[in-house]
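Visitor: Below is the file structure-v4.tsv, with TSV, C-alpha atoms.
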```
chain	number	residue	atom	x	y	z
Z	1	LYS	CA	-13.18	-24.61	-17.70
Z	2	ARG	CA	-12.95	-21.69	-15.30
Z	3	VAL	CA	-14.74	-18.37	-14.78
Z	4	GLY	CA	-12.43	-15.42	-14.23
Z	5	SER	CA	-12.60	-11.64	-14.30
Z	6	ILE	CA	-10.51	-8.53	-14.83
Z	7	ALA	CA	-11.74	-5.50	-12.87
Z	8	GLY	CA	-10.55	-1.95	-13.31
Z	9	ALA	CA	-11.46	1.72	-13.51
Z	10	SER	CA	-12.45	3.41	-16.74
Z	11	ASN	CA	-9.04	5.03	-17.28
Z	12	VAL	CA	-6.78	1.95	-17.40
Z	13	SER	CA	-7.65	0.74	-20.93
Z	14	LYS	CA	-9.16	-2.61	-19.96
Z	15	THR	CA	-10.38	-3.35	-23.50
Z	16	TYR	CA	-6.91	-2.62	-24.89
Z	17	TYR	CA	-5.51	-5.05	-22.33
Z	18	VAL	CA	-8.02	-7.72	-23.36
Z	19	CYS	CA	-6.89	-7.26	-26.96
Z	20	ALA	CA	-3.22	-7.53	-25.95
Z	21	LEU	CA	-3.97	-10.68	-23.95
Z	22	ALA	CA	-5.95	-12.23	-26.81
Z	23	VAL	CA	-3.07	-11.56	-29.24
Z	24	ALA	CA	-0.46	-12.98	-26.85
Z	25	MET	CA	-2.57	-16.09	-26.29
Z	26	SER	CA	-3.17	-16.55	-30.02
Z	27	TYR	CA	0.60	-17.04	-30.42
Z	28	GLY	CA	0.93	-19.07	-27.22
Z	29	ARG	CA	3.14	-16.28	-25.85
Z	30	SER	CA	1.51	-15.17	-22.59
Z	31	GLU	CA	4.99	-14.30	-21.26
Z	32	LEU	CA	4.84	-11.20	-23.48
Z	33	LEU	CA	2.58	-9.79	-20.76
Z	34	GLY	CA	4.58	-11.24	-17.87
Z	35	LEU	CA	2.12	-14.10	-17.34
Z	36	PRO	CA	3.02	-17.79	-16.84
Z	37	PRO	CA	3.95	-19.65	-20.05
Z	38	MET	CA	1.27	-21.44	-22.05
Z	39	ALA	CA	1.25	-24.97	-23.42
Z	40	GLY	CA	0.19	-23.79	-26.89
Z	41	ARG	CA	-1.82	-21.34	-28.94
Z	42	VAL	CA	-5.37	-20.51	-27.83
Z	43	SER	CA	-8.22	-19.11	-29.92
Z	44	SER	CA	-10.47	-16.54	-28.30
Z	45	LEU	CA	-13.83	-14.88	-28.77
Z	46	ILE	CA	-14.28	-11.26	-27.69
Z	47	VAL	CA	-17.89	-10.25	-27.01
Z	48	THR	CA	-18.10	-6.53	-26.37
Z	49	ASN	CA	-21.19	-4.40	-25.91
Z	50	GLU	CA	-19.30	-1.09	-25.92
Z	51	GLU	CA	-17.26	-1.25	-29.14
Z	52	ASP	CA	-17.94	-2.11	-32.76
Z	53	VAL	CA	-16.00	-4.80	-34.61
Z	54	GLU	CA	-13.85	-2.37	-36.59
Z	55	ASP	CA	-12.67	-0.57	-33.44
Z	56	VAL	CA	-11.73	-3.84	-31.74
Z	57	ASP	CA	-9.94	-5.06	-34.88
Z	58	TYR	CA	-7.76	-1.93	-34.78
Z	59	ARG	CA	-7.04	-2.49	-31.10
Z	60	LEU	CA	-6.00	-6.06	-31.90
Z	61	LYS	CA	-3.74	-4.86	-34.68
Z	62	ALA	CA	-1.71	-2.59	-32.35
Z	63	PRO	CA	-0.30	-5.37	-30.09
Z	64	SER	CA	0.14	-7.61	-33.15
Z	65	ILE	CA	2.47	-4.99	-34.63
Z	66	TYR	CA	4.22	-4.22	-31.34
Z	67	TYR	CA	4.94	-7.81	-30.27
Z	68	ASP	CA	5.87	-8.80	-33.84
Z	69	THR	CA	5.63	-12.50	-33.02
Z	70	PRO	CA	6.58	-14.87	-35.86
Z	71	GLY	CA	4.53	-17.91	-36.78
Z	72	GLU	CA	0.86	-18.61	-37.33
Z	73	ALA	CA	-1.63	-17.30	-34.80
Z	74	ALA	CA	-4.81	-18.92	-33.53
Z	75	ASN	CA	-8.16	-17.29	-34.31
Z	76	ILE	CA	-9.49	-14.20	-32.57
Z	77	ILE	CA	-13.18	-13.66	-33.29
Z	78	VAL	CA	-14.96	-10.42	-32.37
Z	79	ARG	CA	-18.64	-9.91	-31.73
Z	80	GLY	CA	-19.14	-6.16	-31.35
Z	81	ASN	CA	-22.16	-3.97	-30.67
Z	82	ASP	CA	-22.81	-3.60	-34.43
Z	83	ASP	CA	-25.57	-6.22	-34.04
Z	84	GLY	CA	-26.95	-4.81	-30.82
Z	85	MET	CA	-26.35	-5.73	-27.20
Z	86	PHE	CA	-25.47	-9.32	-26.41
Z	87	THR	CA	-26.98	-10.55	-23.15
Z	88	LEU	CA	-27.09	-13.83	-21.27
Z	89	VAL	CA	-29.89	-12.95	-18.83
Z	90	ALA	CA	-33.34	-11.65	-19.74
Z	91	LYS	CA	-36.88	-11.57	-18.37
Z	92	ASN	CA	-39.22	-14.37	-19.34
Z	93	GLU	CA	-42.92	-14.06	-20.18
Z	94	VAL	CA	-43.88	-13.69	-16.50
Z	95	GLY	CA	-41.22	-11.07	-15.81
Z	96	SER	CA	-38.74	-13.29	-13.99
Z	97	LEU	CA	-35.03	-13.20	-14.78
Z	98	GLU	CA	-33.56	-16.32	-16.33
Z	99	ILE	CA	-30.70	-17.50	-18.56
Z	100	ASP	CA	-31.31	-16.64	-22.21
Z	101	MET	CA	-30.83	-20.15	-23.58
Z	102	LYS	CA	-31.13	-18.99	-27.19
Z	103	ARG	CA	-28.07	-16.77	-26.75
Z	104	VAL	CA	-26.22	-19.49	-24.84
Z	105	ARG	CA	-26.78	-22.01	-27.64
Z	106	LYS	CA	-25.61	-19.48	-30.20
Z	107	LEU	CA	-22.38	-18.96	-28.27
Z	108	VAL	CA	-21.88	-22.68	-27.79
Z	109	ASP	CA	-22.18	-23.28	-31.54
Z	110	VAL	CA	-19.50	-20.66	-32.29
Z	111	ILE	CA	-17.18	-21.84	-29.51
Z	112	ILE	CA	-17.30	-25.45	-30.67
Z	113	ALA	CA	-17.10	-24.66	-34.40
Z	114	LYS	CA	-14.11	-22.32	-33.99
Z	115	ASP	CA	-12.41	-24.29	-31.19
Z	116	ILE	CA	-12.48	-21.30	-28.85
Z	117	GLY	CA	-10.43	-21.68	-25.67
Z	118	VAL	CA	-11.30	-18.38	-23.96
Z	119	ILE	CA	-14.29	-16.06	-24.28
Z	120	PHE	CA	-13.96	-12.47	-23.07
Z	121	MET	CA	-17.25	-10.73	-22.18
Z	122	ASP	CA	-16.97	-6.94	-21.90
Z	123	PRO	CA	-18.36	-5.40	-19.76
Z	124	TYR	CA	-20.14	-7.46	-17.10
Z	125	ASN	CA	-22.83	-4.88	-16.33
Z	126	THR	CA	-24.27	-5.09	-19.88
Z	127	LEU	CA	-24.84	-8.85	-19.94
Z	128	SER	CA	-28.34	-8.85	-18.47
Z	129	ILE	CA	-31.61	-7.21	-19.50
Z	130	GLY	CA	-34.11	-6.18	-16.87
Z	131	GLY	CA	-31.84	-6.67	-13.88
Z	132	GLU	CA	-29.98	-4.09	-11.83
Z	133	GLU	CA	-26.19	-4.09	-12.18
Z	134	ASN	CA	-25.63	-4.49	-8.44
Z	135	SER	CA	-28.64	-6.74	-7.78
Z	136	ASN	CA	-27.93	-10.06	-6.10
Z	137	ASP	CA	-30.86	-11.44	-8.12
Z	138	THR	CA	-28.89	-11.03	-11.36
Z	139	HIS	CA	-25.44	-12.26	-10.33
Z	140	PRO	CA	-26.28	-15.92	-9.62
Z	141	ILE	CA	-28.06	-16.26	-12.97
Z	142	LEU	CA	-25.09	-14.79	-14.84
Z	143	THR	CA	-22.74	-17.05	-12.90
Z	144	ASN	CA	-24.83	-20.07	-13.88
Z	145	ALA	CA	-24.71	-18.94	-17.51
Z	146	PHE	CA	-20.92	-18.62	-17.40
Z	147	ASN	CA	-20.55	-22.03	-15.77
Z	148	MET	CA	-22.89	-23.54	-18.33
Z	149	LEU	CA	-20.75	-22.21	-21.18
Z	150	CYS	CA	-17.63	-23.66	-19.55
Z	151	GLN	CA	-19.22	-27.07	-18.96
Z	152	MET	CA	-20.79	-27.36	-22.41
Z	153	THR	CA	-17.70	-26.32	-24.37
Z	154	GLY	CA	-14.62	-26.74	-22.17
Z	155	CYS	CA	-13.67	-23.07	-22.65
Z	156	SER	CA	-12.91	-20.46	-19.98
Z	157	VAL	CA	-14.96	-17.29	-19.52
Z	158	ILE	CA	-13.34	-14.00	-18.49
Z	159	HIS	CA	-15.71	-11.10	-17.86
Z	160	ILE	CA	-14.56	-7.49	-17.64
Z	161	HIS	CA	-15.80	-5.49	-14.68
Z	162	HIS	CA	-15.92	-1.75	-14.00
Z	163	THR	CA	-14.78	-0.84	-10.51
Z	164	LYS	CA	-16.90	1.46	-8.41
Z	165	LYS	CA	-15.64	4.97	-7.79
Z	166	GLY	CA	-13.45	5.56	-4.76
Z	167	SER	CA	-14.80	7.42	-1.75
Z	168	GLY	CA	-11.68	8.37	0.16
Z	169	THR	CA	-10.52	11.84	1.16
Z	170	LEU	CA	-7.73	11.57	-1.41
Z	171	LYS	CA	-7.90	10.24	-4.93
Z	172	ASN	CA	-5.79	7.12	-4.61
Z	173	TYR	CA	-5.66	5.84	-8.16
Z	174	ASP	CA	-4.62	2.38	-6.96
Z	175	GLU	CA	-7.37	2.15	-4.34
Z	176	TYR	CA	-8.79	-1.15	-5.61
Z	177	SER	CA	-5.60	-2.78	-6.80
Z	178	GLY	CA	-5.72	-6.45	-5.79
Z	179	ASP	CA	-8.83	-5.78	-3.67
Z	180	ARG	CA	-12.03	-7.84	-3.75
Z	181	ASP	CA	-13.99	-4.57	-3.42
Z	182	ALA	CA	-13.12	-3.86	-7.05
Z	183	TRP	CA	-16.07	-6.10	-7.89
Z	184	ARG	CA	-19.39	-4.50	-7.13
Z	185	GLY	CA	-22.39	-6.56	-6.10
Z	186	GLY	CA	-22.19	-7.35	-2.40
Z	187	GLY	CA	-19.30	-9.77	-2.84
Z	188	SER	CA	-21.34	-12.35	-4.77
Z	189	ILE	CA	-19.54	-11.71	-8.08
Z	190	PHE	CA	-16.12	-12.08	-6.48
Z	191	SER	CA	-17.12	-15.16	-4.52
Z	192	ALA	CA	-18.20	-16.94	-7.71
Z	193	LEU	CA	-14.85	-16.43	-9.46
Z	194	HIS	CA	-12.22	-19.12	-9.87
Z	195	TYR	CA	-9.68	-16.33	-10.40
Z	196	GLY	CA	-9.75	-12.56	-10.50
Z	197	PHE	CA	-7.30	-9.81	-11.46
Z	198	THR	CA	-7.45	-6.05	-11.09
Z	199	LEU	CA	-5.96	-3.60	-13.57
Z	200	ALA	CA	-5.23	-0.27	-11.86
Z	201	ASN	CA	-3.00	2.76	-12.07
Z	202	TRP	CA	0.31	2.02	-10.40
Z	203	MET	CA	1.47	4.27	-7.57
Z	204	PRO	CA	4.53	4.19	-5.29
Z	205	GLN	CA	3.98	3.20	-1.67
Z	206	ASP	CA	6.58	5.57	-0.21
Z	207	LYS	CA	4.64	8.48	1.30
Z	208	ALA	CA	6.74	11.30	-0.18
Z	209	GLN	CA	6.97	9.70	-3.61
Z	210	ARG	CA	3.25	9.02	-3.53
Z	211	ALA	CA	2.44	12.67	-2.85
Z	212	ILE	CA	4.56	13.79	-5.78
Z	213	TRP	CA	3.11	11.08	-8.00
Z	214	LYS	CA	-0.47	12.13	-7.30
Z	215	GLY	CA	0.30	15.77	-7.82
Z	216	ALA	CA	2.07	15.19	-11.12
Z	217	PHE	CA	-0.30	12.46	-12.30
Z	218	ASN	CA	-2.05	14.40	-15.06
Z	219	GLU	CA	0.65	16.84	-16.17
Z	220	HIS	CA	3.31	14.14	-16.52
Z	221	ASN	CA	1.00	11.40	-17.82
Z	222	LEU	CA	1.87	9.04	-14.97
Z	223	GLY	CA	-1.36	7.17	-15.62
Z	224	ARG	CA	0.57	5.34	-18.33
Z	225	PHE	CA	1.92	3.05	-15.60
Z	226	VAL	CA	-0.60	0.36	-14.64
Z	227	VAL	CA	-0.41	-2.81	-12.58
Z	228	LEU	CA	-2.14	-6.16	-12.96
Z	229	ALA	CA	-2.71	-7.59	-9.48
Z	230	HIS	CA	-3.90	-11.09	-8.65
Z	231	ALA	CA	-6.87	-10.70	-6.31
Z	232	LYS	CA	-8.12	-14.30	-6.19
Z	233	SER	CA	-7.11	-17.80	-7.21
Z	234	LYS	CA	-8.87	-20.96	-6.06
Z	235	ARG	CA	-6.35	-23.54	-7.18
Z	236	THR	CA	-3.02	-21.87	-7.91
Z	237	LYS	CA	-0.61	-19.61	-6.08
Z	238	LYS	CA	-1.23	-15.92	-6.61
Z	239	LEU	CA	1.06	-14.22	-9.10
Z	240	PRO	CA	3.14	-11.19	-8.06
Z	241	PRO	CA	1.93	-7.83	-9.40
Z	242	ILE	CA	2.88	-7.13	-13.02
Z	243	ILE	CA	3.67	-3.51	-13.91
Z	244	TYR	CA	3.17	-2.21	-17.45
Z	245	GLU	CA	3.84	1.05	-19.19
Z	246	MET	CA	1.31	1.98	-21.84
Z	247	ILE	CA	3.19	3.33	-24.83
Z	248	ASP	CA	2.02	4.57	-28.22
Z	249	GLN	CA	2.19	2.13	-31.11
Z	250	PRO	CA	2.30	3.89	-34.52
Z	251	MET	CA	-0.39	2.49	-36.76
Z	252	PRO	CA	-0.75	2.07	-40.55
Z	253	GLU	CA	-1.78	5.03	-42.66
Z	254	GLU	CA	-5.51	4.33	-42.40
Z	255	MET	CA	-5.27	5.19	-38.70
Z	256	ASP	CA	-4.68	8.86	-37.98
Z	257	HIS	CA	-3.27	8.33	-34.49
Z	258	PRO	CA	-1.23	5.76	-32.52
Z	259	LEU	CA	-2.87	3.26	-30.17
Z	260	PRO	CA	-1.69	2.23	-26.68
Z	261	VAL	CA	0.05	-1.10	-26.12
Z	262	PHE	CA	1.29	-2.69	-22.90
Z	263	LYS	CA	5.06	-2.82	-22.44
Z	264	LEU	CA	6.39	-4.84	-19.52
Z	265	SER	CA	7.85	-2.43	-17.00
Z	266	SER	CA	8.98	-2.43	-13.37
Z	267	LYS	CA	8.77	-0.46	-10.16
Z	268	GLU	CA	12.24	0.94	-10.86
Z	269	GLU	CA	11.25	2.21	-14.30
Z	270	ALA	CA	8.11	3.81	-12.92
Z	271	ILE	CA	9.98	5.52	-10.07
Z	272	PHE	CA	12.53	6.80	-12.59
Z	273	ALA	CA	9.71	8.87	-14.12
Z	274	LEU	CA	9.77	10.97	-10.93
Z	275	THR	CA	13.35	12.04	-11.69
Z	276	LEU	CA	12.00	13.93	-14.70
Z	277	ILE	CA	10.02	16.18	-12.37
Z	278	SER	CA	12.01	19.20	-11.21
Z	279	ASN	CA	12.42	20.14	-7.53
Z	280	GLU	CA	10.52	23.36	-8.19
Z	281	GLU	CA	7.53	21.30	-9.28
Z	282	MET	CA	7.85	18.76	-6.46
Z	283	ILE	CA	7.73	21.12	-3.45
Z	284	PRO	CA	4.24	22.59	-4.08
Z	285	LEU	CA	2.91	19.13	-4.94
Z	286	VAL	CA	4.11	17.68	-1.63
Z	287	ILE	CA	2.75	20.62	0.38
Z	288	ALA	CA	-0.56	20.56	-1.50
Z	289	ASP	CA	-0.95	16.86	-0.80
Z	290	GLY	CA	-0.42	17.57	2.89
Z	291	LEU	CA	-2.94	20.40	2.88
Z	292	VAL	CA	-5.57	18.17	1.26
Z	293	SER	CA	-4.91	15.45	3.85
Z	294	ALA	CA	-4.92	17.84	6.81
Z	295	LEU	CA	-7.71	20.22	5.88
Z	296	GLY	CA	-9.97	18.38	3.44
Z	297	VAL	CA	-12.28	19.99	0.92
Z	298	GLY	CA	-13.60	23.45	1.80
Z	299	THR	CA	-12.27	26.74	3.17
Z	300	SER	CA	-9.92	27.10	6.14
Z	301	THR	CA	-8.96	30.44	7.64
Z	302	GLY	CA	-6.10	31.65	9.77
Z	303	LEU	CA	-2.42	30.73	9.37
Z	304	ALA	CA	-2.15	29.61	13.01
Z	305	ALA	CA	-5.04	27.15	12.60
Z	306	VAL	CA	-3.63	25.80	9.34
Z	307	HIS	CA	-0.15	25.51	10.85
Z	308	ALA	CA	-1.50	23.52	13.81
Z	309	LYS	CA	-2.76	20.85	11.41
Z	310	MET	CA	0.17	21.00	8.99
Z	311	ARG	CA	3.16	21.08	11.36
Z	312	GLY	CA	5.36	18.03	10.89
Z	313	ARG	CA	4.18	17.33	7.35
Z	314	ALA	CA	6.62	17.19	4.44
Z	315	GLY	CA	7.56	20.59	3.03
Z	316	TRP	CA	5.85	22.60	5.80
Z	317	PRO	CA	8.00	24.70	8.20
Z	318	ASP	CA	8.48	22.85	11.50
Z	319	VAL	CA	8.44	25.89	13.80
Z	320	GLU	CA	6.63	26.67	17.03
Z	321	ALA	CA	4.68	29.69	15.79
Z	322	ALA	CA	3.61	30.56	12.26
Z	323	LYS	CA	4.06	34.14	11.09
Z	324	ALA	CA	3.11	35.21	7.58
Z	325	GLN	CA	5.99	37.69	7.39
Z	326	THR	CA	8.70	35.06	7.86
Z	327	PRO	CA	10.40	34.05	4.57
Z	328	ALA	CA	9.34	30.38	4.69
Z	329	PHE	CA	5.65	31.11	5.14
Z	330	ARG	CA	5.68	34.06	2.79
Z	331	GLU	CA	7.15	31.79	0.09
Z	332	ILE	CA	4.45	29.16	0.64
Z	333	ILE	CA	1.65	31.73	0.49
Z	334	GLU	CA	3.08	33.13	-2.74
Z	335	MET	CA	3.48	29.58	-4.07
Z	336	PHE	CA	-0.27	29.01	-3.72
Z	337	ALA	CA	-1.43	32.44	-4.84
Z	338	GLN	CA	-2.35	30.66	-8.08
Z	339	PRO	CA	-4.25	27.35	-7.90
Z	340	VAL	CA	-2.07	24.24	-7.51
Z	341	GLU	CA	-3.50	20.86	-8.51
Z	342	ALA	CA	-2.42	17.80	-6.55
Z	343	SER	CA	-3.95	14.50	-5.48
Z	344	GLY	CA	-6.96	15.17	-7.69
Z	345	TYR	CA	-7.73	18.40	-5.82
Z	346	VAL	CA	-6.92	22.08	-6.28
Z	347	VAL	CA	-5.41	24.24	-3.51
Z	348	GLN	CA	-5.26	28.04	-3.42
Z	349	MET	CA	-4.29	30.56	-0.73
Z	350	THR	CA	-5.44	34.15	-0.39
Z	351	PRO	CA	-3.06	36.29	1.72
Z	352	ALA	CA	-4.26	37.81	4.99
Z	353	LYS	CA	-3.84	41.34	3.66
Z	354	ASN	CA	-6.57	40.57	1.13
Z	355	GLN	CA	-8.75	38.77	3.68
Z	356	GLY	CA	-9.21	41.20	6.57
Z	357	GLY	CA	-6.17	39.84	8.42
Z	358	GLN	CA	-6.98	36.11	8.00
Z	359	LEU	CA	-5.21	33.78	5.56
Z	360	LYS	CA	-7.71	31.79	3.50
Z	361	VAL	CA	-6.96	28.30	2.16
Z	362	GLU	CA	-9.45	26.91	-0.35
Z	363	ILE	CA	-9.48	23.28	-1.51
Z	364	TRP	CA	-11.82	21.87	-4.12
Z	365	GLU	CA	-12.05	18.79	-6.27
Z	366	ALA	CA	-10.36	19.04	-9.66
Z	367	ASP	CA	-12.44	18.46	-12.75
Z	368	ASP	CA	-11.82	15.00	-14.26
Z	369	GLU	CA	-11.14	15.20	-17.96
```
Represent the structure contained in this file as structure tokens.
Guide:
Amino acid sequence: KRVGSIAGASNVSKTYYVCALAVAMSYGRSELLGLPPMAGRVSSLIVTNEEDVEDVDYRLKAPSIYYDTPGEAANIIVRGNDDGMFTLVAKNEVGSLEIDMKRVRKLVDVIIAKDIGVIFMDPYNTLSIGGEENSNDTHPILTNAFNMLCQMTGCSVIHIHHTKKGSGTLKNYDEYSGDRDAWRGGGSIFSALHYGFTLANWMPQDKAQRAIWKGAFNEHNLGRFVVLAHAKSKRTKKLPPIIYEMIDQPMPEEMDHPLPVFKLSSKEEAIFALTLISNEEMIPLVIADGLVSALGVGTSTGLAAVHAKMRGRAGWPDVEAAKAQTPAFREIIEMFAQPVEASGYVVQMTPAKNQGGQLKVEIWEADDE
């Protein structure tokens, strides 16, 4: 009888994780995802306003094949967007926001009839009509609706929340991992939770490894490593972070492509992925990360000025004076003659001989695909 939430960015496959969790719970095998053991099988209801039933059924099939758990499974019922948006909050005849009791009763009937233990509601920001996503007027009403469902049926409610976009100088893909700021809405959403988890891209904490990781993130598909972090728990001890690797699960013939599933992984396995990156690739990534940190987005001119900000950073020559004709600096300038992408940004250098005697360093934000 608890209200919980999973918050994450758009690129960490939250709906796929919900499907994996629902499958694991249906067999009473939460340990398949590194979570504490369960007392038995649990039926679930997935209410999603962004996917149709057929798409979710396919996403449920992938972990069912991958985990290959013997025995009978509990029910997983899907309510997709085929029948339109499902909301719990709407405006009444005078324009005020209130709980949509008709929808609540409909859910209660299904939960009781099918003995549902957990209801997933995906995503949070689609569950109200007429209210702003980040409005504090909407959140308390939704919270009351969730609590009402729990009290009337004895089930738990887990809503799925999109994190806000980061605003740092660098693109730290794990920026909101385990952080209450992953939940938008002035803190009122987070405060109302009994428990909350974030699902984020995993990144190493070591500074040098982190620079390489960010630089190689797209080319080497390092986004396949994600981490579930326990951000809040009212009554139990927080769980340690759980690292997964998203791998492709081949699907039956009616599907023309594999679907991602969550394989339990570890920090050591994730770090091992860096060993597959050659030294020739690593050096420009490390230097580029330093340039982004030191100079920021825009155009910087003059090798001496750039050197003053870069001296002491990894990969950059630690010398008193910077001269473009010295081998170390000449190699770096040649290295960045073509654009180098790192940390979600692109760095390029134009030699002084092409710039009226002044080296030019340009940094701009990479296009997200």
Visitor: Which one of Z:Lys61, Z:Arg41, Z:His307, Z:His161 sits closest to Z:Pro252 if you count all atoms listed in the file?
Guide: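 With all atoms listed in the file as the atom set, the closest residue is Z:Lys61.
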Visitor: Just how far from atom CA of Z:Tyr67 is atom CA of Z:Ala20, in Å to one decimal?
Guide: 9.2 Å
Visitor: State, in Å with one decimal place, the distance from atom CA of Z:Leu285 to atom CA of Z:Gly215.
Guide: 5.1 Å
Visitor: Find the residue from Z:Ile189, Z:Ala74, Z:Val47, Z:Ala321 that sits nearest to Z:Asp137; use all atoms listed in the file when measuring.
Guide: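 So, comparing all the options, the nearest one is Z:Ile189.
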Visitor: Given the choices Z:Phe272, Z:Phe86, Z:Tyr66, Z:Tyr27, which gets closest to Z:Ile129 if the distance is worked out from only C-alpha atoms?
Guide: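 Nearest to Z:Ile129: Z:Phe86.
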Visitor: Which of these, Z:Asp109, Z:Asp122, Z:Glu31, Z:Glu334, has the shortest distance to Z:Ile46 once you count only C-alpha atoms?
Guide: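 Checking each of Z:Asp109, Z:Asp122, Z:Glu31, Z:Glu334 against Z:Ile46, counting only C-alpha atoms, the winner is Z:Asp122.
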Visitor: Grab all the atoms of stretch 173-181 of chain Z that the file lists, wrap them in a box along x, y and z, add 6 Å per side, and give me centre plus edge lengths in Å (one decimal) as JSON.
Guide:
```
{"center_x": -9.3, "center_y": -1.0, "center_z": -5.8, "size_x": 21.4, "size_y": 25.7, "size_z": 16.7}
```
Visitor: Choose the residue, out of Z:Ala229, Z:Ala182, Z:Met152, Z:Leu142, that has the smallest atom-to-atom separation from Z:Leu107; count only C-alpha atoms.
Guide: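 Answer, going by the shortest atom-to-atom distance: Z:Met152.
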Visitor: Atom CA of Z:Trp364 to atom CA of Z:Ala288: how many Å, to one decimal?
Guide: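 So the answer is 11.6 Å.
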Visitor: May I have the residues at most 9 Å from (-12.7, -16.3, -21.6) in the file's coordinates, counting all atoms listed in the file, as a ChimeraX atom specification?
Guide: /Z:2-5,44-46,116-121,155-159
Visitor: Would you export the selected residues with C-alpha atoms as a CSV table (one decimal), in the coordinates of the input, please?
Guide:
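As written to disk, result-v2.csv reads:
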```csv
chain,number,residue,atom,x,y,z
Z,2,ARG,CA,-13.0,-21.7,-15.3
Z,3,VAL,CA,-14.7,-18.4,-14.8
Z,4,GLY,CA,-12.4,-15.4,-14.2
Z,5,SER,CA,-12.6,-11.6,-14.3
Z,44,SER,CA,-10.5,-16.5,-28.3
Z,45,LEU,CA,-13.8,-14.9,-28.8
Z,46,ILE,CA,-14.3,-11.3,-27.7
Z,116,ILE,CA,-12.5,-21.3,-28.8
Z,117,GLY,CA,-10.4,-21.7,-25.7
Z,118,VAL,CA,-11.3,-18.4,-24.0
Z,119,ILE,CA,-14.3,-16.1,-24.3
Z,120,PHE,CA,-14.0,-12.5,-23.1
Z,121,MET,CA,-17.2,-10.7,-22.2
Z,155,CYS,CA,-13.7,-23.1,-22.6
Z,156,SER,CA,-12.9,-20.5,-20.0
Z,157,VAL,CA,-15.0,-17.3,-19.5
Z,158,ILE,CA,-13.3,-14.0,-18.5
Z,159,HIS,CA,-15.7,-11.1,-17.9
```
Visitor: My list of candidates is Z:Ala208, Z:Leu303, Z:Ala328, Z:Asp318. Which is closest to Z:Val361 when distances are computed with only C-alpha atoms?
Guide: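 Of Z:Ala208, Z:Leu303, Z:Ala328, Z:Asp318, the one nearest Z:Val361 is Z:Leu303, counting only C-alpha atoms.
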Visitor: As a ChimeraX atom specification, please: the residues near Z:Val226 (cut-off 6 Å, all atoms listed in the file, same-chain neighbours under 2 positions excluded).
Guide: /Z:200-202,243-244
